[in-house]
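Here is the file structure-v1.cif (mmCIF, C-alpha atoms).
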data_query
#
loop_
_atom_site.group_PDB
_atom_site.id
_atom_site.type_symbol
_atom_site.label_atom_id
_atom_site.label_comp_id
_atom_site.auth_asym_id
_atom_site.auth_seq_id
_atom_site.Cartn_x
_atom_site.Cartn_y
_atom_site.Cartn_z
ATOM 1 C CA ASP X 1 0.000 0.000 0.000
ATOM 2 C CA THR X 2 1.428 3.351 -1.037
ATOM 3 C CA ALA X 3 1.427 5.762 1.898
ATOM 4 C CA VAL X 4 1.655 9.058 -0.015
ATOM 5 C CA SER X 5 0.825 8.948 -3.698
ATOM 6 C CA GLN X 6 0.982 11.619 -6.348
ATOM 7 C CA THR X 7 -0.313 11.795 -9.892
ATOM 8 C CA PRO X 8 0.970 12.253 -12.458
ATOM 9 C CA LYS X 9 4.587 11.176 -12.041
ATOM 10 C CA TYR X 10 5.653 13.153 -15.108
ATOM 11 C CA LEU X 11 4.036 16.217 -16.592
ATOM 12 C CA VAL X 12 5.259 17.914 -19.762
ATOM 13 C CA THR X 13 3.363 20.955 -20.900
ATOM 14 C CA GLN X 14 3.608 24.225 -22.788
ATOM 15 C CA MET X 15 4.111 27.647 -21.250
ATOM 16 C CA GLY X 16 0.847 29.347 -20.429
ATOM 17 C CA ASN X 17 -1.094 26.152 -19.762
ATOM 18 C CA ASP X 18 -2.898 25.332 -16.526
ATOM 19 C CA LYS X 19 -2.184 21.998 -14.827
ATOM 20 C CA SER X 20 -2.977 20.146 -11.604
ATOM 21 C CA ILE X 21 -1.071 17.645 -9.491
ATOM 22 C CA LYS X 22 -2.974 15.397 -7.105
ATOM 23 C CA CYS X 23 -1.800 13.978 -3.787
ATOM 24 C CA GLU X 24 -3.383 11.446 -1.472
ATOM 25 C CA GLN X 25 -2.193 9.928 1.801
ATOM 26 C CA ASN X 26 -3.647 6.864 3.475
ATOM 27 C CA LEU X 27 -1.754 7.261 6.751
ATOM 28 C CA GLY X 28 -4.533 9.063 8.584
ATOM 29 C CA HIS X 29 -2.284 12.097 9.007
ATOM 30 C CA ASP X 30 -3.640 15.539 9.785
ATOM 31 C CA THR X 31 -1.010 17.621 8.010
ATOM 32 C CA MET X 32 -0.006 17.715 4.366
ATOM 33 C CA TYR X 33 2.627 19.707 2.469
ATOM 34 C CA TRP X 34 3.753 20.723 -0.980
ATOM 35 C CA TYR X 35 7.477 21.141 -1.646
ATOM 36 C CA LYS X 36 9.357 22.224 -4.754
ATOM 37 C CA GLN X 37 12.796 20.747 -5.525
ATOM 38 C CA ASP X 38 14.806 22.622 -8.124
ATOM 39 C CA SER X 39 17.538 21.348 -10.398
ATOM 40 C CA LYS X 40 20.162 21.993 -7.697
ATOM 41 C CA LYS X 41 18.216 19.760 -5.303
ATOM 42 C CA PHE X 42 17.107 22.599 -3.020
ATOM 43 C CA LEU X 43 13.849 21.539 -1.420
ATOM 44 C CA LYS X 44 11.563 24.389 -0.417
ATOM 45 C CA ILE X 45 8.233 24.332 1.357
ATOM 46 C CA MET X 46 5.395 25.902 -0.585
ATOM 47 C CA PHE X 47 2.242 25.166 1.388
ATOM 48 C CA SER X 48 1.062 23.241 4.392
ATOM 49 C CA TYR X 49 -2.470 22.255 5.400
ATOM 50 C CA ASN X 50 -3.663 20.910 8.711
ATOM 51 C CA ASN X 51 -7.072 19.262 8.623
ATOM 52 C CA LYS X 52 -7.980 21.136 5.442
ATOM 53 C CA GLU X 53 -6.862 24.503 6.873
ATOM 54 C CA LEU X 54 -3.970 26.391 5.273
ATOM 55 C CA ILE X 55 -1.223 26.953 7.852
ATOM 56 C CA ILE X 56 1.878 27.689 5.784
ATOM 57 C CA ASN X 57 1.806 29.780 2.644
ATOM 58 C CA GLU X 58 5.311 30.652 1.537
ATOM 59 C CA THR X 59 6.183 33.386 -0.906
ATOM 60 C CA VAL X 60 4.774 31.525 -3.850
ATOM 61 C CA PRO X 61 3.255 33.210 -6.921
ATOM 62 C CA ASN X 62 -0.510 33.270 -6.687
ATOM 63 C CA ARG X 63 -0.580 31.225 -9.899
ATOM 64 C CA PHE X 64 -0.138 28.304 -7.485
ATOM 65 C CA SER X 65 -3.289 27.389 -5.625
ATOM 66 C CA PRO X 66 -3.524 24.434 -3.264
ATOM 67 C CA LYS X 67 -6.835 22.772 -2.502
ATOM 68 C CA SER X 68 -7.595 20.310 0.260
ATOM 69 C CA PRO X 69 -11.020 18.710 -0.201
ATOM 70 C CA ASP X 70 -10.432 16.526 2.873
ATOM 71 C CA LYS X 71 -7.514 15.819 5.143
ATOM 72 C CA ALA X 72 -6.342 12.891 3.019
ATOM 73 C CA HIS X 73 -6.005 14.925 -0.158
ATOM 74 C CA LEU X 74 -3.999 17.999 -1.116
ATOM 75 C CA ASN X 75 -3.980 19.044 -4.743
ATOM 76 C CA LEU X 76 -1.887 21.713 -6.414
ATOM 77 C CA HIS X 77 -3.208 23.734 -9.315
ATOM 78 C CA ILE X 78 -0.861 25.897 -11.338
ATOM 79 C CA ASN X 79 -2.123 28.566 -13.723
ATOM 80 C CA SER X 80 -0.257 30.136 -16.627
ATOM 81 C CA LEU X 81 2.765 27.880 -16.335
ATOM 82 C CA GLU X 82 6.190 29.467 -16.801
ATOM 83 C CA LEU X 83 9.573 27.992 -17.698
ATOM 84 C CA GLY X 84 10.782 28.598 -14.143
ATOM 85 C CA ASP X 85 8.071 26.324 -12.783
ATOM 86 C CA SER X 86 9.965 23.324 -14.134
ATOM 87 C CA ALA X 87 10.970 21.294 -11.092
ATOM 88 C CA VAL X 88 10.044 18.217 -9.100
ATOM 89 C CA TYR X 89 7.078 18.772 -6.807
ATOM 90 C CA PHE X 90 6.747 16.624 -3.702
ATOM 91 C CA CYS X 91 3.752 16.088 -1.544
ATOM 92 C CA ALA X 92 4.322 15.027 2.056
ATOM 93 C CA SER X 93 2.296 14.350 5.161
ATOM 94 C CA SER X 94 2.871 14.164 8.899
ATOM 95 C CA GLN X 95 0.793 13.046 11.836
ATOM 96 C CA ALA X 96 0.501 16.598 13.129
ATOM 97 C CA THR X 97 1.939 20.046 12.591
ATOM 98 C CA GLY X 98 5.173 20.970 14.255
ATOM 99 C CA VAL X 99 8.781 20.492 13.251
ATOM 100 C CA GLY X 100 9.170 17.518 15.562
ATOM 101 C CA ASN X 101 7.050 15.336 13.332
ATOM 102 C CA GLU X 102 8.471 12.935 10.784
ATOM 103 C CA GLN X 103 7.316 13.737 7.280
ATOM 104 C CA PHE X 104 6.393 11.073 4.745
ATOM 105 C CA PHE X 105 7.035 12.017 1.137
ATOM 106 C CA GLY X 106 5.365 11.011 -2.086
ATOM 107 C CA PRO X 107 7.403 9.898 -5.113
ATOM 108 C CA GLY X 108 7.353 13.347 -6.719
ATOM 109 C CA THR X 109 5.941 14.835 -9.909
ATOM 110 C CA ARG X 110 8.503 15.996 -12.443
ATOM 111 C CA LEU X 111 7.055 19.033 -14.198
ATOM 112 C CA THR X 112 8.673 20.211 -17.419
ATOM 113 C CA VAL X 113 7.452 23.436 -18.970
ATOM 114 C CA LEU X 114 8.450 23.935 -22.613
ATOM 115 C CA SER U 1 17.609 31.798 3.808
ATOM 116 C CA GLN U 2 19.119 28.328 3.887
ATOM 117 C CA GLN U 3 18.897 26.979 7.411
ATOM 118 C CA GLY U 4 20.657 23.652 7.069
ATOM 119 C CA GLU U 5 23.711 23.370 4.875
ATOM 120 C CA GLU U 6 25.291 20.013 4.231
ATOM 121 C CA ASP U 7 28.954 19.413 3.718
ATOM 122 C CA PRO U 8 30.417 17.990 1.570
ATOM 123 C CA GLN U 9 28.134 18.463 -1.409
ATOM 124 C CA ALA U 10 29.345 15.166 -2.845
ATOM 125 C CA LEU U 11 31.146 12.195 -1.312
ATOM 126 C CA SER U 12 32.403 9.065 -3.027
ATOM 127 C CA ILE U 13 33.766 6.130 -0.998
ATOM 128 C CA GLN U 14 34.406 2.406 -1.322
ATOM 129 C CA GLU U 15 31.902 -0.117 -0.096
ATOM 130 C CA GLY U 16 32.633 -1.073 3.495
ATOM 131 C CA GLU U 17 34.075 2.321 4.429
ATOM 132 C CA ASN U 18 32.361 4.773 6.746
ATOM 133 C CA ALA U 19 30.688 7.902 5.383
ATOM 134 C CA THR U 20 30.395 11.117 7.369
ATOM 135 C CA MET U 21 28.219 14.031 6.352
ATOM 136 C CA ASN U 22 27.892 17.319 8.188
ATOM 137 C CA CYS U 23 25.127 19.856 8.557
ATOM 138 C CA SER U 24 25.420 23.401 9.860
ATOM 139 C CA TYR U 25 22.539 25.661 10.731
ATOM 140 C CA LYS U 26 22.095 29.250 11.788
ATOM 141 C CA THR U 27 19.347 29.633 14.380
ATOM 142 C CA SER U 28 18.338 27.816 17.551
ATOM 143 C CA ILE U 29 16.502 24.560 17.000
ATOM 144 C CA ASN U 30 14.320 22.161 18.968
ATOM 145 C CA ASN U 31 15.350 19.196 16.869
ATOM 146 C CA LEU U 32 17.077 18.226 13.664
ATOM 147 C CA GLN U 33 16.100 15.521 11.212
ATOM 148 C CA TRP U 34 18.021 13.591 8.576
ATOM 149 C CA TYR U 35 16.406 12.298 5.404
ATOM 150 C CA ARG U 36 17.607 10.148 2.511
ATOM 151 C CA GLN U 37 16.575 10.579 -1.117
ATOM 152 C CA ASN U 38 17.262 7.858 -3.642
ATOM 153 C CA SER U 39 17.506 8.989 -7.250
ATOM 154 C CA GLY U 40 14.076 9.773 -8.675
ATOM 155 C CA ARG U 41 12.300 9.133 -5.384
ATOM 156 C CA GLY U 42 10.828 11.055 -2.488
ATOM 157 C CA LEU U 43 12.643 11.675 0.779
ATOM 158 C CA VAL U 44 12.640 9.066 3.503
ATOM 159 C CA HIS U 45 13.015 9.977 7.155
ATOM 160 C CA LEU U 46 16.075 8.451 8.821
ATOM 161 C CA ILE U 47 16.402 9.871 12.291
ATOM 162 C CA LEU U 48 15.410 12.796 14.514
ATOM 163 C CA ILE U 49 17.646 14.165 17.227
ATOM 164 C CA ARG U 50 16.377 16.595 19.843
ATOM 165 C CA SER U 51 18.303 19.631 21.011
ATOM 166 C CA ASN U 52 18.936 18.067 24.430
ATOM 167 C CA GLU U 53 20.481 14.958 22.852
ATOM 168 C CA ARG U 54 24.108 14.734 21.793
ATOM 169 C CA GLU U 55 24.109 11.438 19.964
ATOM 170 C CA LYS U 56 21.615 8.979 18.570
ATOM 171 C CA HIS U 57 21.968 5.603 16.892
ATOM 172 C CA SER U 58 19.766 3.692 14.494
ATOM 173 C CA GLY U 59 21.259 0.544 12.996
ATOM 174 C CA ARG U 60 24.346 1.591 11.023
ATOM 175 C CA LEU U 61 23.494 5.281 11.437
ATOM 176 C CA ARG U 62 24.952 7.517 14.101
ATOM 177 C CA VAL U 63 23.885 11.133 14.403
ATOM 178 C CA THR U 64 25.542 13.715 16.611
ATOM 179 C CA LEU U 65 24.368 17.182 17.490
ATOM 180 C CA ASP U 66 26.466 20.039 18.833
ATOM 181 C CA THR U 67 24.161 22.941 19.595
ATOM 182 C CA SER U 68 27.059 25.168 20.664
ATOM 183 C CA LYS U 69 28.549 24.864 17.188
ATOM 184 C CA LYS U 70 25.148 24.670 15.503
ATOM 185 C CA SER U 71 26.152 21.536 13.656
ATOM 186 C CA SER U 72 25.185 17.912 13.243
ATOM 187 C CA SER U 73 26.853 14.948 11.621
ATOM 188 C CA LEU U 74 25.503 11.751 10.118
ATOM 189 C CA LEU U 75 27.794 8.741 10.112
ATOM 190 C CA ILE U 76 26.978 5.649 8.084
ATOM 191 C CA THR U 77 29.170 2.742 9.095
ATOM 192 C CA ALA U 78 30.139 -0.201 6.882
ATOM 193 C CA SER U 79 28.618 1.409 3.802
ATOM 194 C CA ARG U 80 26.796 -0.622 1.164
ATOM 195 C CA ALA U 81 25.972 0.064 -2.467
ATOM 196 C CA ALA U 82 22.341 0.557 -1.429
ATOM 197 C CA ASP U 83 23.392 3.559 0.689
ATOM 198 C CA THR U 84 24.053 5.501 -2.531
ATOM 199 C CA ALA U 85 21.646 8.437 -2.277
ATOM 200 C CA SER U 86 21.419 12.109 -1.325
ATOM 201 C CA TYR U 87 21.225 12.893 2.374
ATOM 202 C CA PHE U 88 19.494 15.990 3.713
ATOM 203 C CA CYS U 89 19.345 17.578 7.115
ATOM 204 C CA ALA U 90 16.227 19.500 8.073
ATOM 205 C CA THR U 91 15.752 22.003 10.869
ATOM 206 C CA GLY U 92 12.718 23.812 12.123
ATOM 207 C CA GLN U 93 12.185 27.450 11.250
ATOM 208 C CA GLY U 94 9.593 28.559 13.732
ATOM 209 C CA ALA U 95 7.190 25.990 15.077
ATOM 210 C CA GLN U 96 5.884 24.518 11.863
ATOM 211 C CA LYS U 97 8.267 24.824 8.938
ATOM 212 C CA LEU U 98 11.054 22.375 8.151
ATOM 213 C CA VAL U 99 13.914 23.853 6.159
ATOM 214 C CA PHE U 100 16.082 21.476 4.184
ATOM 215 C CA GLY U 101 19.652 21.878 3.063
ATOM 216 C CA GLN U 102 20.929 21.159 -0.426
ATOM 217 C CA GLY U 103 21.983 17.671 0.507
ATOM 218 C CA THR U 104 25.117 15.554 0.266
ATOM 219 C CA ARG U 105 25.289 13.195 -2.722
ATOM 220 C CA LEU U 106 26.821 9.972 -1.454
ATOM 221 C CA THR U 107 28.163 7.393 -3.908
ATOM 222 C CA ILE U 108 29.287 3.989 -2.679
ATOM 223 C CA ASN U 109 31.633 2.290 -5.128
ATOM 224 C CA PRO U 110 31.657 -1.534 -5.219
#
Just dump the structure as structure tokens.
Amino acid sequence: DTAVSQTPKYLVTQMGNDKSIKCEQNLGHDTMYWYKQDSKKFLKIMFSYNNKELIINETVPNRFSPKSPDKAHLNLHINSLELGDSAVYFCASSQATGVGNEQFFGPGTRLTVL
Amino acid sequence: SQQGEEDPQALSIQEGENATMNCSYKTSINNLQWYRQNSGRGLVHLILIRSNEREKHSGRLRVTLDTSKKSSSLLITASRAADTASYFCATGQGAQKLVFGQGTRLTINP
């Protein structure tokens, strides 16, 4: 059983398009995250939700909009894609908020914007 | 700003040798975590060490924490080919946000 799953695994699209990435966790966790990992492997937090409530919203362009329909799902919608959005996007979850909690990561979605 | 910074950026050793990776950070922390990332995969949690702990072991992993020097080290003993991966330290920025370093790319040569 996959703990944190993301779809799609690969996404290739043209500049200006709108795309979504879906994430689901079956761990019963309360908190979910979106991270962006660039080509130099820097991993940066984008958003965090706790029980469907947004708790972390980093300095991310408002073209990125997360949506949490329930605490097991956290989707990421990106409008008007730009070349600089090319990266690997990771979803993660933890039992609760707080930096003392172990985070469980999904396999990543490699987004390529042409 | 980058909270955790790993050193070295890349490390290549022979199978059976020990691998040591270091992490430095800038602000006070409650705990520090180490994660592993295999190529093309998500991160996997390895170990968490609290600020009042100096050393922690888990199997072939040994983590140390020196809060006076704001640094941590991860030692992998008797390395195996399967240990080839990138290793990241993560520290808390505030109460809720984990900040990751750039990682150390470890290659174990057979």
| message | Using all atoms listed in the file, which protein or nucleic acid residues come within 10 Å of Val60 (chain X)? Drop anything in the same chain fewer than 5 positions from it, and give the result as a list in words. | response |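 These residues fall inside the cut-off: Ile45, Met46, Phe47 and Ser65 of chain X.
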Surrounding residues of Val4 (chain X) excluding itself and chain neighbours under 4 positions, 10 Å, all atoms listed in the file, as a compact mmCIF listing (two decimals) with C-alpha atoms, in the coordinates of the input:
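Heads up, here's the output in out00.txt:
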# COMPACT_ATOMS: atom_id res chain seq x y z
CA CYS X 23 -1.80 13.98 -3.79
CA GLU X 24 -3.38 11.45 -1.47
CA GLN X 25 -2.19 9.93 1.80
CA ASN X 26 -3.65 6.86 3.48
CA LEU X 27 -1.75 7.26 6.75
CA MET X 32 -0.01 17.72 4.37
CA ALA X 72 -6.34 12.89 3.02
CA HIS X 73 -6.00 14.92 -0.16
CA PHE X 90 6.75 16.62 -3.70
CA CYS X 91 3.75 16.09 -1.54
CA ALA X 92 4.32 15.03 2.06
CA SER X 93 2.30 14.35 5.16
CA PHE X 104 6.39 11.07 4.74
CA PHE X 105 7.04 12.02 1.14
CA GLY X 106 5.36 11.01 -2.09
CA PRO X 107 7.40 9.90 -5.11
CA GLY X 108 7.35 13.35 -6.72
CA GLY U 42 10.83 11.06 -2.49
| query | What is the CA of Glu55 (chain U) to CA of Leu43 (chain X) distance in Å? | reply |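 Atom-to-atom, CA of Glu55 (chain U) to CA of Leu43 (chain X), that is 25.8 Å.
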| task | Compute the set of chain U residues within 12 Å of chain X, using all atoms listed in the file, and express it as a PyMOL selection string. | result | chain U and resi 1-6+9+29-51+86-105
| query | Interatomic distance between CA of Leu11 (chain U) and CA of Leu106 (chain U)? | reply |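 So the answer is 4.9 Å.
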| request: Return the single residue from X:Asn17, X:Thr112, X:Thr7, X:Asn50 that is closest to Asp70 (chain X), with distances computed using all atoms listed in the file. | output: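 Of the candidates, the smallest distance to Asp70 (chain X) is held by X:Asn50.
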| field | One-decimal distance in Å that lies between CA of Tyr49 (chain X) and CA of Ser20 (chain X) | value |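 That distance, rounded to one decimal, is 17.1 Å.
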| query | Using the chain letters and numbers from the file, which residues does the PyMOL selection byres ((chain X and resi 16) around 8) grab, as a ChimeraX atom specification? | reply | /X:14-15,17-18,79-82
| task | I need the residue set behind the PyMOL selection byres ((chain X and resi 66) around 6) for this file; please write it as a list of chain:residue names. | result | X:Ser65, X:Lys67, X:Asn75, X:Leu76
| Which polymer residues have any atom within 12 Å of an atom of His57 (chain U), counting only C-alpha atoms, with same-chain residues fewer than 4 positions away left out, as a list in words? |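 So, after excluding close chain neighbours, the residues are Leu46, Ile47, Leu48, Ile49, Glu53, Leu61, Arg62, Val63, Thr64, Leu65, Ser73, Leu74, Leu75, Ile76 and Thr77 of chain U.
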For the residues in that selection, give me C-alpha atoms as a PDB file, in the coordinates of the input.
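What ended up in out_29.pdb:
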ATOM      1  CA  LEU U  46      16.075   8.451   8.821  1.00  0.00           C
ATOM      2  CA  ILE U  47      16.402   9.871  12.291  1.00  0.00           C
ATOM      3  CA  LEU U  48      15.410  12.796  14.514  1.00  0.00           C
ATOM      4  CA  ILE U  49      17.646  14.165  17.227  1.00  0.00           C
ATOM      5  CA  GLU U  53      20.481  14.958  22.852  1.00  0.00           C
ATOM      6  CA  LEU U  61      23.494   5.281  11.437  1.00  0.00           C
ATOM      7  CA  ARG U  62      24.952   7.517  14.101  1.00  0.00           C
ATOM      8  CA  VAL U  63      23.885  11.133  14.403  1.00  0.00           C
ATOM      9  CA  THR U  64      25.542  13.715  16.611  1.00  0.00           C
ATOM     10  CA  LEU U  65      24.368  17.182  17.490  1.00  0.00           C
ATOM     11  CA  SER U  73      26.853  14.948  11.621  1.00  0.00           C
ATOM     12  CA  LEU U  74      25.503  11.751  10.118  1.00  0.00           C
ATOM     13  CA  LEU U  75      27.794   8.741  10.112  1.00  0.00           C
ATOM     14  CA  ILE U  76      26.978   5.649   8.084  1.00  0.00           C
ATOM     15  CA  THR U  77      29.170   2.742   9.095  1.00  0.00           C
TER      16      THR U  77
END
| Counting only C-alpha atoms, the residue of X:Lys52, X:His77, X:Lys9, X:Lys19 that sits nearest Val113 (chain X) | X:Lys19
Calculate, to one decimal in Å, the centre and edge lengths of the box along x, y and z of the file that holds all listed atoms of region 79-88 of chain U with 4 Å of margin on each side, and present them as JSON.
{"center_x": 24.1, "center_y": 7.7, "center_z": 0.6, "size_x": 17.1, "size_y": 24.6, "size_z": 14.3}
